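To keep things clear, I will list the structure first and then write my remarks on it.
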Amino acid sequence: MSCGFMAGLGDDILGLIFNWVSHPDDRNSICQVCTQWLRVEGFTRISLRVLETDLLPKFLPRFPNLIRFESSTWITSKDIEFVVRSCPKLEVLNLNFKQRYGCHYDDEPDKYLASSDVDDAGLCSIAMGCARLSKVLLRNRKRVSDVGVISLVGNLRNLSCLNLTRCIQVTDQALKVIGEVGLIRILNLRGCSSITDEGLGCLVRGSMRKCLEKLDIAECDRVTDNGVCLLQHFCCLEELNLANCGLRITDSGGLAIANIRTLKRLNLSWLISISDVTLIEVAKNCQSLVELVITGCGKITGDGICAFAEHKFLETLVMASCFNVSIFDIKLLVFGCRSLRCIGLDRMLNTTMTLGLQKSISTFCRLNWM
């Protein structure tokens, strides 16, 4: 097929032009013009999202310069090996699995597909073949275990972001190596139910202590105050998520968290053993805090909330299901904390808070009912 008056343009010139085209629909339209444009578009494509992994051999070799690869469906280790061979320049690998609505990991045919999903062999291939990777996301890849994670961390010298959400076979053994290597700035361990205080200790004692900025250990219910107290030794931790970590995190751990003066975002949702004691210290010490989530912290009262009335930087406060906080307490907080931009409140308060007060609060910050 002829490309008309642009047929004389060389691949280099076309490539420079195509680099300005970012919308997927426009890129797909380019491919249909002629064989030259199809070829050049493939060489200049840097990002690809794949929904049908069984078709990878048919189209992936056309994109040798990919920097970002994404697939949220089942993908085998053999598929991953093919991706590594075809796209050695990858810097971002997003394999966060998205469960189809209404389906379960143990349902047929998902049960069969799950049994062949990417495992440690696939991660080892990634570690050996994609040296430029800086970001690896593996949410809900349940066949991934310590062996694969250790291979990734040990070989990828640019790795700064690792998401292992609900990779339930990952244990403290992997955290030992992650802590020793000390490259990762963003670490997500949400729902890694085998993680314990010992694993957190490995992170703190290693080189990671000096570089970790974001840590998510929500739903890690084997973690206790002993492990949480160690977190205060991180040098530059800015975001910490401890939501749903269970009854064994109390004010003892909370007071240690309050010593992390670099914190900007903190989530303590459903830590029902946390009380005003923790909040008062967080308000006093964490002067850089911009976001606080305390949903479901039933022991917290107005004393803890009002401790933030004079905070200089807090912008977002989410406190649904905090039934010991009164409307009067909320009013003192909103009118006192001038930096506040958004407050999330339980829907039950909507029926007792007057429209006049709601309008007054809305003049200072956005009011979200939750």
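Starting from 1 in every chain, residues are counted up; chains themselves are A, B, ... following the order of the structure tokens, and ligands are numbered from 1 as listed.
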Wanna dump the range 87-172 of chain A-range 182-190 of chain A contacts at 10 Å for me, each residue with its shortest atom pair and the distance in Å to one decimal, counting only C-alpha atoms, ordered by chain and number, as CSV?
residue,atom,partner,partner_atom,distance
A:Ser134,CA,A:Ile184,CA,9.0
A:Lys135,CA,A:Ile186,CA,9.2
A:Leu137,CA,A:Asn188,CA,9.1
A:Leu138,CA,A:Asn188,CA,9.8
A:Arg139,CA,A:Asn188,CA,9.0
A:Val153,CA,A:Leu183,CA,8.3
A:Gly154,CA,A:Leu183,CA,9.9
A:Leu156,CA,A:Leu183,CA,9.3
A:Arg157,CA,A:Leu183,CA,7.4
A:Asn158,CA,A:Leu183,CA,7.4
A:Leu159,CA,A:Ile184,CA,6.1
A:Ser160,CA,A:Ile184,CA,4.0
A:Cys161,CA,A:Ile186,CA,4.6
A:Leu162,CA,A:Leu187,CA,5.2
A:Asn163,CA,A:Asn188,CA,4.6
A:Leu164,CA,A:Leu189,CA,5.3
A:Thr165,CA,A:Arg190,CA,4.7
A:Arg166,CA,A:Arg190,CA,6.0
A:Cys167,CA,A:Leu189,CA,8.0
A:Ile168,CA,A:Leu189,CA,9.4
A:Val170,CA,A:Leu189,CA,8.9
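CA of Asp329 in chain A is positioned 13.7 Å from CA of Thr352 in chain A.
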What parts of range 53-264 of chain A does DSSP call helix (DSSP H, G or I)? I'd like the answer as an MDAnalysis selection string. chainID A and resid 53:62 77:86 110:115 120:129 146:155 172:181 197:205 207:210 225:233 251:257
Check the DSSP output for the backbone and give back, as a PyMOL selection string, the residues of range 30-219 of chain A in strand (DSSP E). chain A and resi 47-49+68-70+92-94+135-137+161-163+186-188+214-216
Where does range 175-249 of chain A meet range 270-293 of chain A within 9 Å, residue by residue, with the nearest atom pair and distance in Å to one decimal for each, counting only C-alpha atoms, listed by chain and rising number, as CSV?
residue,atom,partner,partner_atom,distance
A:Glu238,CA,A:Leu289,CA,8.6
A:Leu242,CA,A:Leu271,CA,8.0
A:Ala243,CA,A:Trp270,CA,6.0
A:Asn244,CA,A:Trp270,CA,5.3
A:Cys245,CA,A:Leu271,CA,6.7
A:Gly246,CA,A:Leu271,CA,6.1
A:Leu247,CA,A:Ser273,CA,5.9
A:Arg248,CA,A:Ser273,CA,7.6
A:Ile249,CA,A:Ser273,CA,6.6
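Of note, CA of Asn94 in chain A and CA of Asn155 in chain A are spaced 18.0 Å apart.
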